[in-house]
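Heads up, model.cif below (mmCIF, C-alpha atoms and all ligand atoms):
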data_target
loop_
_atom_site.label_atom_id
_atom_site.label_comp_id
_atom_site.auth_asym_id
_atom_site.auth_seq_id
_atom_site.Cartn_x
_atom_site.Cartn_y
_atom_site.Cartn_z
CA MET J 1 111.46 107.31 127.84
CA SER J 2 107.83 106.94 126.90
CA ASP J 3 106.48 103.86 125.19
CA VAL J 4 105.64 105.88 122.06
CA ALA J 5 109.20 107.18 121.84
CA GLU J 6 110.62 103.68 122.13
CA ARG J 7 108.36 102.29 119.44
CA VAL J 8 109.10 105.22 117.11
CA LYS J 9 112.83 104.75 117.55
CA LYS J 10 112.57 101.03 116.95
CA ILE J 11 110.80 101.65 113.63
CA VAL J 12 113.42 104.20 112.60
CA VAL J 13 116.28 101.82 113.47
CA GLU J 14 114.69 98.95 111.58
CA HIS J 15 113.69 100.98 108.59
CA LEU J 16 116.78 103.08 108.04
CA GLY J 17 119.23 100.47 109.28
CA VAL J 18 120.99 103.00 111.53
CA GLU J 19 122.51 102.45 114.97
CA GLU J 20 120.19 102.96 117.89
CA SER J 21 122.54 105.44 119.53
CA LYS J 22 122.20 107.77 116.53
CA VAL J 23 118.43 107.93 116.83
CA THR J 24 118.21 110.78 119.31
CA GLU J 25 115.07 112.85 119.61
CA ASP J 26 116.68 115.79 117.83
CA ALA J 27 117.96 113.71 114.93
CA SER J 28 116.60 114.73 111.54
CA PHE J 29 115.62 111.79 109.36
CA ILE J 30 117.16 113.27 106.25
CA ASP J 31 120.07 115.34 107.57
CA ASP J 32 121.28 113.07 110.36
CA LEU J 33 119.99 109.59 109.62
CA GLY J 34 120.59 109.39 105.88
CA ALA J 35 116.96 109.01 104.84
CA ASP J 36 115.90 110.05 101.36
CA SER J 37 112.50 111.57 100.63
CA LEU J 38 110.98 108.19 99.80
CA ASP J 39 112.25 106.80 103.13
CA THR J 40 110.36 109.54 104.96
CA VAL J 41 107.16 108.57 103.13
CA GLU J 42 107.72 104.96 104.15
CA LEU J 43 108.46 105.92 107.75
CA VAL J 44 105.15 107.76 107.94
CA MET J 45 103.41 104.68 106.55
CA ALA J 46 105.12 102.54 109.18
CA PHE J 47 104.10 104.93 111.98
CA GLU J 48 100.52 104.87 110.74
CA GLU J 49 100.48 101.11 110.83
CA GLU J 50 102.18 100.78 114.23
CA PHE J 51 99.97 103.33 115.96
CA GLY J 52 96.74 102.83 114.01
CA CYS J 53 96.48 106.51 113.18
CA GLU J 54 96.31 108.50 110.00
CA ILE J 55 98.97 111.10 109.34
CA PRO J 56 97.66 113.55 106.73
CA ASP J 57 100.07 114.79 104.07
CA ASP J 58 100.38 118.32 105.47
CA ALA J 59 101.24 116.95 108.91
CA ALA J 60 103.65 114.40 107.43
CA GLU J 61 105.58 117.18 105.74
CA LYS J 62 106.24 118.76 109.12
CA ILE J 63 107.66 115.59 110.62
CA VAL J 64 111.36 116.25 110.17
CA THR J 65 112.93 114.89 113.35
CA VAL J 66 112.34 111.90 115.60
CA LYS J 67 110.81 114.23 118.17
CA ASP J 68 108.35 115.61 115.60
CA ALA J 69 107.10 112.09 115.00
CA ILE J 70 106.78 111.28 118.70
CA ASN J 71 104.91 114.50 119.39
CA PHE J 72 102.49 114.05 116.53
CA ILE J 73 101.68 110.51 117.58
CA GLN J 74 101.28 111.41 121.26
CA GLU J 75 98.91 114.22 120.37
CA ASN J 76 96.86 112.22 117.89
CA THR J 77 96.43 108.77 119.32
CA MET G 1 108.92 81.77 82.88
CA PHE G 2 106.37 84.54 83.39
CA ASP G 3 104.60 82.76 86.24
CA LEU G 4 102.28 85.16 88.08
CA THR G 5 100.92 82.73 90.68
CA GLY G 6 100.15 84.51 93.94
CA ARG G 7 100.05 87.97 92.38
CA VAL G 8 97.02 90.25 92.42
CA ALA G 9 96.39 92.55 89.47
CA LEU G 10 93.96 95.36 88.70
CA VAL G 11 93.12 95.98 85.05
CA THR G 12 91.15 99.11 84.21
CA GLY G 13 89.10 99.10 81.03
CA ALA G 14 88.73 95.33 81.37
CA SER G 15 85.33 95.64 79.68
CA GLY G 16 87.13 96.72 76.49
CA GLY G 17 88.95 94.77 73.83
CA ILE G 18 92.55 95.17 74.96
CA GLY G 19 91.78 95.25 78.71
CA GLY G 20 89.81 92.02 78.48
CA ALA G 21 92.70 90.29 76.75
CA ILE G 22 95.20 91.61 79.33
CA ALA G 23 92.99 90.40 82.20
CA ARG G 24 92.70 86.92 80.66
CA ALA G 25 96.41 86.67 79.95
CA LEU G 26 97.45 87.65 83.49
CA HIS G 27 94.87 85.23 84.87
CA GLN G 28 96.11 82.40 82.68
CA ARG G 29 99.56 82.92 84.14
CA GLY G 30 98.15 82.45 87.63
CA ALA G 31 97.37 85.98 88.85
CA LYS G 32 94.14 86.92 90.56
CA VAL G 33 92.61 89.76 88.58
CA ALA G 34 90.29 92.61 89.54
CA LEU G 35 88.28 93.78 86.54
CA SER G 36 87.31 97.44 86.33
CA GLY G 37 85.28 99.52 83.89
CA THR G 38 81.90 101.20 83.89
CA ARG G 39 79.80 98.53 82.11
CA ARG G 40 79.06 96.11 84.90
CA GLU G 41 77.43 93.51 82.65
CA ALA G 42 80.46 93.22 80.42
CA LEU G 43 82.71 92.86 83.47
CA ASP G 44 80.42 90.26 85.05
CA SER G 45 80.36 88.10 81.96
CA LEU G 46 84.14 88.32 81.59
CA ALA G 47 84.56 87.30 85.23
CA ALA G 48 82.17 84.39 84.77
CA GLU G 49 84.16 83.22 81.77
CA MET G 50 87.50 83.54 83.56
CA GLY G 51 86.33 81.66 86.65
CA GLU G 52 87.99 81.64 90.07
CA GLY G 53 90.33 84.36 91.22
CA THR G 54 88.53 87.35 89.79
CA ALA G 55 86.66 90.33 91.25
CA VAL G 56 84.43 92.83 89.48
CA LEU G 57 85.03 96.40 90.66
CA PRO G 58 83.16 98.96 88.55
CA CYS G 59 84.61 102.46 88.75
CA ALA G 60 84.08 105.66 86.78
CA LEU G 61 87.60 106.90 86.26
CA ASP G 62 86.60 110.55 86.02
CA ASP G 63 85.34 110.35 89.62
CA ALA G 64 88.33 111.17 91.86
CA LYS G 65 86.79 109.68 95.00
CA ALA G 66 85.91 106.41 93.34
CA VAL G 67 89.41 106.21 91.88
CA ALA G 68 91.06 106.78 95.26
CA ALA G 69 88.99 103.98 96.78
CA LEU G 70 89.64 101.41 94.05
CA PRO G 71 93.07 100.04 95.13
CA GLY G 72 91.74 99.40 98.66
CA GLN G 73 88.82 97.48 97.18
CA VAL G 74 91.23 95.33 95.21
CA SER G 75 93.18 94.36 98.34
CA GLU G 76 89.96 93.63 100.18
CA ALA G 77 88.51 91.49 97.43
CA LEU G 78 91.61 89.56 96.42
CA GLY G 79 93.91 89.76 99.43
CA GLY G 80 96.74 91.93 98.10
CA PHE G 81 97.85 94.25 95.35
CA ASP G 82 100.89 93.76 93.14
CA ILE G 83 100.18 94.72 89.54
CA LEU G 84 98.34 97.80 88.24
CA VAL G 85 97.47 98.00 84.55
CA ASN G 86 96.23 101.45 83.58
CA ASN G 87 94.52 100.45 80.36
CA ALA G 88 91.23 102.35 80.25
CA GLY G 89 91.20 105.07 77.65
CA LEU G 90 89.00 106.92 75.24
CA THR G 91 89.21 109.12 72.18
CA ARG G 92 87.35 112.35 71.37
CA ASP G 93 88.90 113.18 68.01
CA ASN G 94 88.71 116.53 66.30
CA LEU G 95 90.92 119.13 64.72
CA ALA G 96 92.48 121.26 67.43
CA MET G 97 90.77 124.33 66.00
CA ARG G 98 87.40 122.65 66.47
CA MET G 99 88.07 120.82 69.71
CA LYS G 100 85.84 121.64 72.66
CA ASP G 101 87.28 122.09 76.14
CA GLU G 102 85.11 119.20 77.35
CA ASP G 103 86.67 116.84 74.84
CA TRP G 104 90.16 117.83 75.86
CA ASP G 105 89.34 117.60 79.57
CA GLN G 106 87.54 114.27 79.39
CA VAL G 107 90.39 112.58 77.52
CA MET G 108 92.96 113.95 79.97
CA ALA G 109 90.85 112.97 82.98
CA VAL G 110 90.40 109.33 81.99
CA ASN G 111 93.60 108.61 80.07
CA LEU G 112 96.10 110.48 82.22
CA THR G 113 94.78 111.89 85.51
CA ALA G 114 93.07 108.65 86.52
CA ALA G 115 96.26 106.72 85.79
CA PHE G 116 98.19 109.06 88.09
CA ARG G 117 95.59 108.86 90.87
CA LEU G 118 95.37 105.08 90.70
CA SER G 119 99.14 104.74 90.72
CA ARG G 120 99.43 107.05 93.72
CA ALA G 121 96.89 105.05 95.71
CA ALA G 122 98.35 101.71 94.61
CA LEU G 123 101.89 102.64 95.62
CA LYS G 124 101.19 102.15 99.33
CA PRO G 125 100.68 98.39 99.12
CA LEU G 126 103.34 98.06 96.43
CA MET G 127 105.93 99.83 98.58
CA LYS G 128 105.06 97.62 101.53
CA ASN G 129 105.51 94.52 99.36
CA ARG G 130 108.84 95.79 98.05
CA TRP G 131 107.54 94.46 94.75
CA GLY G 132 105.19 95.96 92.25
CA ARG G 133 104.39 96.50 88.62
CA ILE G 134 102.69 99.52 87.12
CA ILE G 135 101.93 99.20 83.42
CA GLY G 136 100.40 102.00 81.35
CA ILE G 137 98.75 101.33 78.02
CA THR G 138 99.81 104.30 75.96
CA SER G 139 99.74 104.49 72.17
CA ILE G 140 101.95 104.79 69.13
CA VAL G 141 100.44 108.23 68.55
CA GLY G 142 101.78 109.42 71.91
CA VAL G 143 105.20 109.13 70.29
CA THR G 144 104.50 109.87 66.62
CA GLY G 145 101.62 112.34 66.94
CA ASN G 146 98.46 112.10 64.86
CA PRO G 147 96.46 114.90 63.26
CA GLY G 148 92.96 114.98 64.74
CA GLN G 149 94.11 113.53 68.04
CA THR G 150 95.87 116.39 69.85
CA ASN G 151 94.07 115.57 73.09
CA TYR G 152 94.55 111.81 72.87
CA ALA G 153 98.20 112.02 71.76
CA ALA G 154 98.97 114.49 74.54
CA SER G 155 97.40 112.20 77.13
CA LYS G 156 99.38 109.21 75.84
CA ALA G 157 102.67 111.13 75.67
CA GLY G 158 101.89 112.37 79.16
CA MET G 159 101.57 108.82 80.37
CA ILE G 160 105.05 108.01 79.06
CA GLY G 161 106.62 111.00 80.85
CA PHE G 162 104.70 110.18 83.99
CA SER G 163 105.88 106.56 83.91
CA LYS G 164 109.53 107.44 83.39
CA SER G 165 109.46 109.87 86.30
CA LEU G 166 107.68 107.50 88.64
CA ALA G 167 110.01 104.67 87.61
CA GLY G 168 112.90 106.74 88.92
CA GLU G 169 111.14 107.44 92.20
CA VAL G 170 110.38 103.86 93.16
CA ALA G 171 113.03 101.74 91.44
CA THR G 172 114.88 101.02 94.69
CA ARG G 173 111.74 99.46 96.12
CA GLY G 174 111.38 96.66 93.60
CA ILE G 175 108.64 98.47 91.73
CA THR G 176 108.86 98.89 87.97
CA VAL G 177 106.84 101.33 85.89
CA ASN G 178 106.59 100.78 82.15
CA CYS G 179 104.35 101.45 79.18
CA VAL G 180 103.06 99.37 76.31
CA ALA G 181 102.34 101.34 73.15
CA PRO G 182 100.01 99.50 70.78
CA GLY G 183 99.83 100.42 67.13
CA PHE G 184 96.62 99.65 65.28
CA ILE G 185 94.70 96.99 67.22
CA GLU G 186 91.33 95.49 66.26
CA THR G 187 88.91 96.61 68.98
CA ALA G 188 85.80 98.76 69.42
CA MET G 189 88.07 101.80 69.47
CA THR G 190 89.28 101.20 65.91
CA ASP G 191 85.98 99.76 64.65
CA VAL G 192 84.72 103.31 64.14
CA LEU G 193 87.21 103.88 61.31
CA ASN G 194 85.84 103.40 57.77
CA ASP G 195 87.24 100.85 55.31
CA GLU G 196 89.28 103.40 53.45
CA GLN G 197 90.94 104.57 56.67
CA LYS G 198 91.62 100.96 57.65
CA GLU G 199 93.16 100.20 54.23
CA ARG G 200 95.43 103.19 54.54
CA MET G 201 96.53 102.13 58.02
CA LEU G 202 97.14 98.59 56.85
CA ALA G 203 99.40 99.80 54.05
CA SER G 204 101.68 101.36 56.66
CA ILE G 205 102.08 98.19 58.72
CA PRO G 206 105.03 96.04 57.62
CA ALA G 207 103.53 92.98 59.35
CA GLY G 208 100.61 93.24 56.92
CA ARG G 209 97.89 92.79 59.50
CA LEU G 210 96.21 94.65 62.29
CA GLY G 211 97.32 93.77 65.79
CA SER G 212 95.18 91.68 68.11
CA PRO G 213 94.44 92.45 71.76
CA GLN G 214 96.44 89.30 72.55
CA ASP G 215 99.54 90.84 70.97
CA VAL G 216 99.29 93.67 73.49
CA ALA G 217 98.46 91.36 76.38
CA ALA G 218 101.62 89.32 75.81
CA ALA G 219 103.77 92.41 76.35
CA CYS G 220 101.91 93.08 79.60
CA VAL G 221 102.49 89.53 80.85
CA TYR G 222 106.20 90.03 80.31
CA LEU G 223 106.30 93.41 82.08
CA ALA G 224 104.26 92.02 84.99
CA SER G 225 106.60 89.08 85.50
CA ASP G 226 109.56 88.62 87.82
CA GLU G 227 111.70 88.17 84.72
CA ALA G 228 111.13 91.84 83.78
CA GLY G 229 112.46 93.10 87.11
CA TYR G 230 115.34 95.03 85.50
CA MET G 231 113.09 96.67 82.94
CA THR G 232 111.78 100.02 84.09
CA GLY G 233 110.87 103.40 82.66
CA GLN G 234 110.55 101.84 79.20
CA THR G 235 107.92 101.72 76.51
CA LEU G 236 107.37 98.50 74.58
CA HIS G 237 106.02 99.21 71.10
CA VAL G 238 103.64 96.53 69.82
CA ASN G 239 102.78 97.76 66.35
CA GLY G 240 103.77 95.29 63.64
CA GLY G 241 106.58 97.60 62.62
CA MET G 242 104.27 100.55 61.91
CA ALA G 243 106.76 102.81 63.65
CA MET G 244 110.24 101.63 64.60
CA ILE G 245 111.33 103.62 67.60
N1 LIG H 301 92.66 99.83 69.76
C1 LIG H 301 93.79 100.39 69.40
O1 LIG H 301 94.17 100.36 68.22
C2 LIG H 301 94.64 101.08 70.40
C3 LIG H 301 95.86 101.59 69.98
C4 LIG H 301 96.70 102.22 70.89
C5 LIG H 301 96.31 102.34 72.19
N2 LIG H 301 95.11 101.84 72.60
C6 LIG H 301 94.77 102.01 74.01
O2 LIG H 301 94.43 100.78 74.58
C7 LIG H 301 93.53 100.98 75.67
C8 LIG H 301 92.34 100.05 75.52
O3 LIG H 301 91.63 100.39 74.35
P1 LIG H 301 90.67 99.42 73.55
O4 LIG H 301 91.10 99.43 72.14
O5 LIG H 301 90.55 98.12 74.25
O6 LIG H 301 89.31 100.27 73.61
P2 LIG H 301 87.85 99.90 74.11
O7 LIG H 301 87.50 98.51 73.67
O8 LIG H 301 87.02 101.05 73.67
O9 LIG H 301 88.00 99.91 75.69
C9 LIG H 301 88.17 101.09 76.45
C10 LIG H 301 88.01 100.74 77.91
O10 LIG H 301 88.18 101.94 78.69
C11 LIG H 301 87.14 102.02 79.63
N3 LIG H 301 86.75 103.41 79.93
C12 LIG H 301 86.53 104.41 79.06
N4 LIG H 301 86.11 105.51 79.71
C13 LIG H 301 86.07 105.20 81.03
C14 LIG H 301 85.70 105.91 82.21
N5 LIG H 301 85.31 107.20 82.20
N6 LIG H 301 85.76 105.25 83.40
C15 LIG H 301 86.16 103.96 83.45
N7 LIG H 301 86.50 103.24 82.37
C16 LIG H 301 86.45 103.85 81.16
C17 LIG H 301 85.97 101.31 79.00
O11 LIG H 301 85.11 100.85 80.03
P3 LIG H 301 83.50 100.84 79.85
O12 LIG H 301 83.24 100.52 78.42
O13 LIG H 301 83.06 99.78 80.81
O14 LIG H 301 83.07 102.20 80.22
C18 LIG H 301 86.64 100.19 78.24
O15 LIG H 301 86.78 99.05 79.06
C19 LIG H 301 93.16 102.47 75.65
O16 LIG H 301 93.91 103.17 76.61
C20 LIG H 301 93.57 102.89 74.26
O17 LIG H 301 93.89 104.26 74.22
C21 LIG H 301 94.28 101.22 71.74
#

If you took the structure in this file and wrote it as structure tokens, what would it be?
Amino acid sequence: MSDVAERVKKIVVEHLGVEESKVTEDASFIDDLGADSLDTVELVMAFEEEFGCEIPDDAAEKIVTVKDAINFIQENT
Amino acid sequence: MFDLTGRVALVTGASGGIGGAIARALHQRGAKVALSGTRREALDSLAAEMGEGTAVLPCALDDAKAVAALPGQVSEALGGFDILVNNAGLTRDNLAMRMKDEDWDQVMAVNLTAAFRLSRAALKPLMKNRWGRIIGITSIVGVTGNPGQTNYAASKAGMIGFSKSLAGEVATRGITVNCVAPGFIETAMTDVLNDEQKERMLASIPAGRLGSPQDVAAACVYLASDEAGYMTGQTLHVNGGMAMI
């Protein structure tokens, strides 16, 4: 597992208070991990801080699953 | 009670009567206060009077870019951001049938749109803190209506609806969003009324006097405090009984 993937999953676990085993790459933040829409905004903020990148609103809207987040960050950092 | 030590506040319209009083009151309770407005000199002299723990951040609120940058400047200057007071406002009164588009647009831009944009930008640090206060200075006429002020009353009613909606969005994050609705307060804004108009207003105020900017500031201190943590989506009416809502 790449370093980015590990760091993303760690943030998701900490932020949503879910078990690590549930945070698979295909897991959807809202449908599988119990996030509400405000949680997804906060997750994006946390990713931005962790990876020192900016995630524009239109890109943020497309980040639905853990894998979406990992891919975006890998492509943009 | 109402100790604001360690908090950082931004007050827009701090160069005006009510904004100046709000800035002083928050500062007296221990908050650091960023003072915004367009008249730099007025802001500078207020800051000089208030002393340590202030920053002067001029900003034209009808300039979207400048507005978006303002919250970041607050954090940079004062090391955080906890309390936003959307106080700046203006009137361009006329009968609706005679009102120009510019007068409608300008009032909406400064009184309502700027408050939304500032709140949006301020929410990032507030969400991170898991604590925040957003206070909008609306007006009695946003609730009662007032002939000659369709634009102003709409902007102030808009601020109340905006605040209630936002309050619901961020309540779980320790952020409260409330309004203070002044009645008739003695400032430059009401100085333009003639004596006869003032007399008529006075007759409708059970308290028998005009309000002072300090009366409004006291409500803001309460809403900004930890003690008001369970108060959200509300409007506090500070009007001497002029309208009992
Ligand atoms: N006075 C009352 O009886 C009363 C009653 C109900 C509600 N209110 C509300 O209370 C608030 C404060 O009013 P006030 O009585 O203290 O009036 P004021 O003395 O005229 O102050 C208005 C403030 O708004 C700022 N402002 C206006 N246009 C701006 C712009 N385009 N960009 C940035 N800042 C701008 C002014 O800054 P600059 O002068 O530096 O440009 C000034 O500091 C307003 O929202 C008003 O609607 C007042």

TODO: Pull out every residue of chain J that has at least one atom within 12 Å of chain G, counting only C-alpha atoms, and report them as number ranges by chain.
DONE: J: 15, 36-39, 41-46, 48-49

TODO: Pick out the residues sitting within 7 Å of Asp26 in chain J, and hand them over as an MDAnalysis selection string; count only C-alpha atoms, and ignore anything fewer than 5 positions along from it in its own chain.
DONE: chainID J and resid 65:67

- [ ] For range 9-11 of chain J, list every protein, DNA or RNA residue within 10 Å, evaluated using only C-alpha atoms, and leave out those in the same chain fewer than 3 positions away; present the list as a list in words.
- [x]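 Within the cut-off, the hits are Asp3, Val4, Ala5, Glu6, Glu14, His15, Leu16, Gly17, Glu20, Ser21, Lys22, Val23, Thr24, Glu25, Leu43, Ala46, Phe47, Glu50, Val66, Lys67, Ala69 and Ile70 of chain J.
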
7 Å shell around ligand LIG 301 (chain H) using all atoms listed in the file, listed as a PDB file with C-alpha atoms, keeping the file's coordinate frame:
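Once everything was written out, this is selection33.pdb:
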ATOM      1  CA  THR G  12      91.150  99.110  84.210  1.00  0.00           C
ATOM      2  CA  GLY G  13      89.100  99.100  81.030  1.00  0.00           C
ATOM      3  CA  ALA G  14      88.730  95.330  81.370  1.00  0.00           C
ATOM      4  CA  SER G  15      85.330  95.640  79.680  1.00  0.00           C
ATOM      5  CA  GLY G  16      87.130  96.720  76.490  1.00  0.00           C
ATOM      6  CA  GLY G  17      88.950  94.770  73.830  1.00  0.00           C
ATOM      7  CA  ILE G  18      92.550  95.170  74.960  1.00  0.00           C
ATOM      8  CA  GLY G  19      91.780  95.250  78.710  1.00  0.00           C
ATOM      9  CA  GLY G  37      85.280  99.520  83.890  1.00  0.00           C
ATOM     10  CA  THR G  38      81.900 101.200  83.890  1.00  0.00           C
ATOM     11  CA  ARG G  39      79.800  98.530  82.110  1.00  0.00           C
ATOM     12  CA  ARG G  40      79.060  96.110  84.900  1.00  0.00           C
ATOM     13  CA  CYS G  59      84.610 102.460  88.750  1.00  0.00           C
ATOM     14  CA  ALA G  60      84.080 105.660  86.780  1.00  0.00           C
ATOM     15  CA  LEU G  61      87.600 106.900  86.260  1.00  0.00           C
ATOM     16  CA  ASP G  62      86.600 110.550  86.020  1.00  0.00           C
ATOM     17  CA  ASN G  87      94.520 100.450  80.360  1.00  0.00           C
ATOM     18  CA  ALA G  88      91.230 102.350  80.250  1.00  0.00           C
ATOM     19  CA  GLY G  89      91.200 105.070  77.650  1.00  0.00           C
ATOM     20  CA  LEU G  90      89.000 106.920  75.240  1.00  0.00           C
ATOM     21  CA  VAL G 110      90.400 109.330  81.990  1.00  0.00           C
ATOM     22  CA  ASN G 111      93.600 108.610  80.070  1.00  0.00           C
ATOM     23  CA  ILE G 137      98.750 101.330  78.020  1.00  0.00           C
ATOM     24  CA  THR G 138      99.810 104.300  75.960  1.00  0.00           C
ATOM     25  CA  SER G 139      99.740 104.490  72.170  1.00  0.00           C
ATOM     26  CA  ILE G 140     101.950 104.790  69.130  1.00  0.00           C
ATOM     27  CA  ALA G 181     102.340 101.340  73.150  1.00  0.00           C
ATOM     28  CA  PRO G 182     100.010  99.500  70.780  1.00  0.00           C
ATOM     29  CA  GLY G 183      99.830 100.420  67.130  1.00  0.00           C
ATOM     30  CA  PHE G 184      96.620  99.650  65.280  1.00  0.00           C
ATOM     31  CA  ILE G 185      94.700  96.990  67.220  1.00  0.00           C
ATOM     32  CA  GLU G 186      91.330  95.490  66.260  1.00  0.00           C
ATOM     33  CA  THR G 187      88.910  96.610  68.980  1.00  0.00           C
ATOM     34  CA  ALA G 188      85.800  98.760  69.420  1.00  0.00           C
ATOM     35  CA  MET G 189      88.070 101.800  69.470  1.00  0.00           C
ATOM     36  CA  THR G 190      89.280 101.200  65.910  1.00  0.00           C
TER      37      THR G 190
END

Task: Atomic separation - CA of Asp82 in chain G relative to CA of Arg7 in chain G, Å - done: 5.9 Å

Open item on the list: One number please: CA of Asn129 in chain G to CA of Thr40 in chain J, in Å, one decimal.
Closed with: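 About the pair CA of Asn129 in chain G and CA of Thr40 in chain J: they are 16.7 Å apart.
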
Task: All residues 10 Å or closer to Gly53 in chain G, only C-alpha atoms, same chain fewer than 2 positions away omitted, as a list of chain:residue names - done: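 Once the nearby chain positions are removed, what remains is G:Val8, G:His27, G:Gly30, G:Ala31, G:Lys32, G:Val33, G:Ala34, G:Ala47, G:Met50, G:Gly51, G:Ala55, G:Ala77, G:Leu78.
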
- [ ] Tell me, in Å to one decimal, how far CA of Leu202 in chain G is from CA of Met99 in chain G.
- [x]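 Straight-line distance from CA of Leu202 in chain G to CA of Met99 in chain G works out to 27.2 Å.
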
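If you measure from each of G:Leu35, G:Ile175, G:Ile134, G:Ala243 to Val221 in chain G using only C-alpha atoms, the closest one turns out to be G:Ile134.
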
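Compared by their closest atoms to Cys53 in chain J, and using only C-alpha atoms, the residues J:Ala27, J:Val8, J:Thr77, J:Val13 rank with J:Thr77 nearest.
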
So that I can look at just that part, could you write range 39-54 of chain J with N, CA, C and O atoms, as a PDB file, in the first residue's frame?
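The result, stored in out23.pdb:
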ATOM      1  N   ASP J  39     -19.063  16.354   6.932  1.00  0.00           N
ATOM      2  CA  ASP J  39     -17.862  15.542   7.152  1.00  0.00           C
ATOM      3  C   ASP J  39     -16.992  15.497   5.893  1.00  0.00           C
ATOM      4  O   ASP J  39     -15.771  15.552   5.977  1.00  0.00           O
ATOM      5  N   THR J  40     -17.644  15.391   4.736  1.00  0.00           N
ATOM      6  CA  THR J  40     -16.840  15.298   3.507  1.00  0.00           C
ATOM      7  C   THR J  40     -16.096  16.608   3.260  1.00  0.00           C
ATOM      8  O   THR J  40     -14.958  16.604   2.795  1.00  0.00           O
ATOM      9  N   VAL J  41     -16.728  17.732   3.608  1.00  0.00           N
ATOM     10  CA  VAL J  41     -16.030  19.022   3.476  1.00  0.00           C
ATOM     11  C   VAL J  41     -14.821  19.049   4.406  1.00  0.00           C
ATOM     12  O   VAL J  41     -13.728  19.464   4.029  1.00  0.00           O
ATOM     13  N   GLU J  42     -15.014  18.550   5.622  1.00  0.00           N
ATOM     14  CA  GLU J  42     -13.908  18.548   6.588  1.00  0.00           C
ATOM     15  C   GLU J  42     -12.799  17.585   6.184  1.00  0.00           C
ATOM     16  O   GLU J  42     -11.623  17.865   6.396  1.00  0.00           O
ATOM     17  N   LEU J  43     -13.179  16.452   5.596  1.00  0.00           N
ATOM     18  CA  LEU J  43     -12.161  15.503   5.131  1.00  0.00           C
ATOM     19  C   LEU J  43     -11.283  16.150   4.067  1.00  0.00           C
ATOM     20  O   LEU J  43     -10.060  16.040   4.103  1.00  0.00           O
ATOM     21  N   VAL J  44     -11.941  16.857   3.140  1.00  0.00           N
ATOM     22  CA  VAL J  44     -11.167  17.528   2.091  1.00  0.00           C
ATOM     23  C   VAL J  44     -10.210  18.551   2.717  1.00  0.00           C
ATOM     24  O   VAL J  44      -9.048  18.652   2.340  1.00  0.00           O
ATOM     25  N   MET J  45     -10.691  19.280   3.721  1.00  0.00           N
ATOM     26  CA  MET J  45      -9.817  20.235   4.401  1.00  0.00           C
ATOM     27  C   MET J  45      -8.625  19.519   5.045  1.00  0.00           C
ATOM     28  O   MET J  45      -7.495  19.991   4.998  1.00  0.00           O
ATOM     29  N   ALA J  46      -8.899  18.368   5.637  1.00  0.00           N
ATOM     30  CA  ALA J  46      -7.828  17.616   6.298  1.00  0.00           C
ATOM     31  C   ALA J  46      -6.815  17.080   5.283  1.00  0.00           C
ATOM     32  O   ALA J  46      -5.611  17.111   5.513  1.00  0.00           O
ATOM     33  N   PHE J  47      -7.321  16.629   4.124  1.00  0.00           N
ATOM     34  CA  PHE J  47      -6.405  16.159   3.072  1.00  0.00           C
ATOM     35  C   PHE J  47      -5.526  17.318   2.600  1.00  0.00           C
ATOM     36  O   PHE J  47      -4.325  17.166   2.402  1.00  0.00           O
ATOM     37  N   GLU J  48      -6.154  18.464   2.399  1.00  0.00           N
ATOM     38  CA  GLU J  48      -5.398  19.631   1.930  1.00  0.00           C
ATOM     39  C   GLU J  48      -4.263  19.966   2.880  1.00  0.00           C
ATOM     40  O   GLU J  48      -3.148  20.264   2.475  1.00  0.00           O
ATOM     41  N   GLU J  49      -4.578  19.883   4.158  1.00  0.00           N
ATOM     42  CA  GLU J  49      -3.568  20.229   5.160  1.00  0.00           C
ATOM     43  C   GLU J  49      -2.457  19.185   5.182  1.00  0.00           C
ATOM     44  O   GLU J  49      -1.275  19.509   5.150  1.00  0.00           O
ATOM     45  N   GLU J  50      -2.844  17.913   5.184  1.00  0.00           N
ATOM     46  CA  GLU J  50      -1.866  16.817   5.285  1.00  0.00           C
ATOM     47  C   GLU J  50      -0.915  16.812   4.080  1.00  0.00           C
ATOM     48  O   GLU J  50       0.270  16.605   4.231  1.00  0.00           O
ATOM     49  N   PHE J  51      -1.477  17.058   2.904  1.00  0.00           N
ATOM     50  CA  PHE J  51      -0.663  16.908   1.696  1.00  0.00           C
ATOM     51  C   PHE J  51      -0.231  18.247   1.102  1.00  0.00           C
ATOM     52  O   PHE J  51       0.397  18.285   0.048  1.00  0.00           O
ATOM     53  N   GLY J  52      -0.570  19.332   1.748  1.00  0.00           N
ATOM     54  CA  GLY J  52      -0.142  20.652   1.277  1.00  0.00           C
ATOM     55  C   GLY J  52      -0.611  20.956  -0.128  1.00  0.00           C
ATOM     56  O   GLY J  52       0.104  21.583  -0.910  1.00  0.00           O
ATOM     57  N   CYS J  53      -1.800  20.495  -0.479  1.00  0.00           N
ATOM     58  CA  CYS J  53      -2.306  20.771  -1.819  1.00  0.00           C
ATOM     59  C   CYS J  53      -3.644  21.479  -1.716  1.00  0.00           C
ATOM     60  O   CYS J  53      -4.240  21.550  -0.640  1.00  0.00           O
ATOM     61  N   GLU J  54      -4.105  22.023  -2.820  1.00  0.00           N
ATOM     62  CA  GLU J  54      -5.420  22.631  -2.801  1.00  0.00           C
ATOM     63  C   GLU J  54      -6.373  21.775  -3.619  1.00  0.00           C
ATOM     64  O   GLU J  54      -6.047  21.383  -4.736  1.00  0.00           O
TER      65      GLU J  54
END
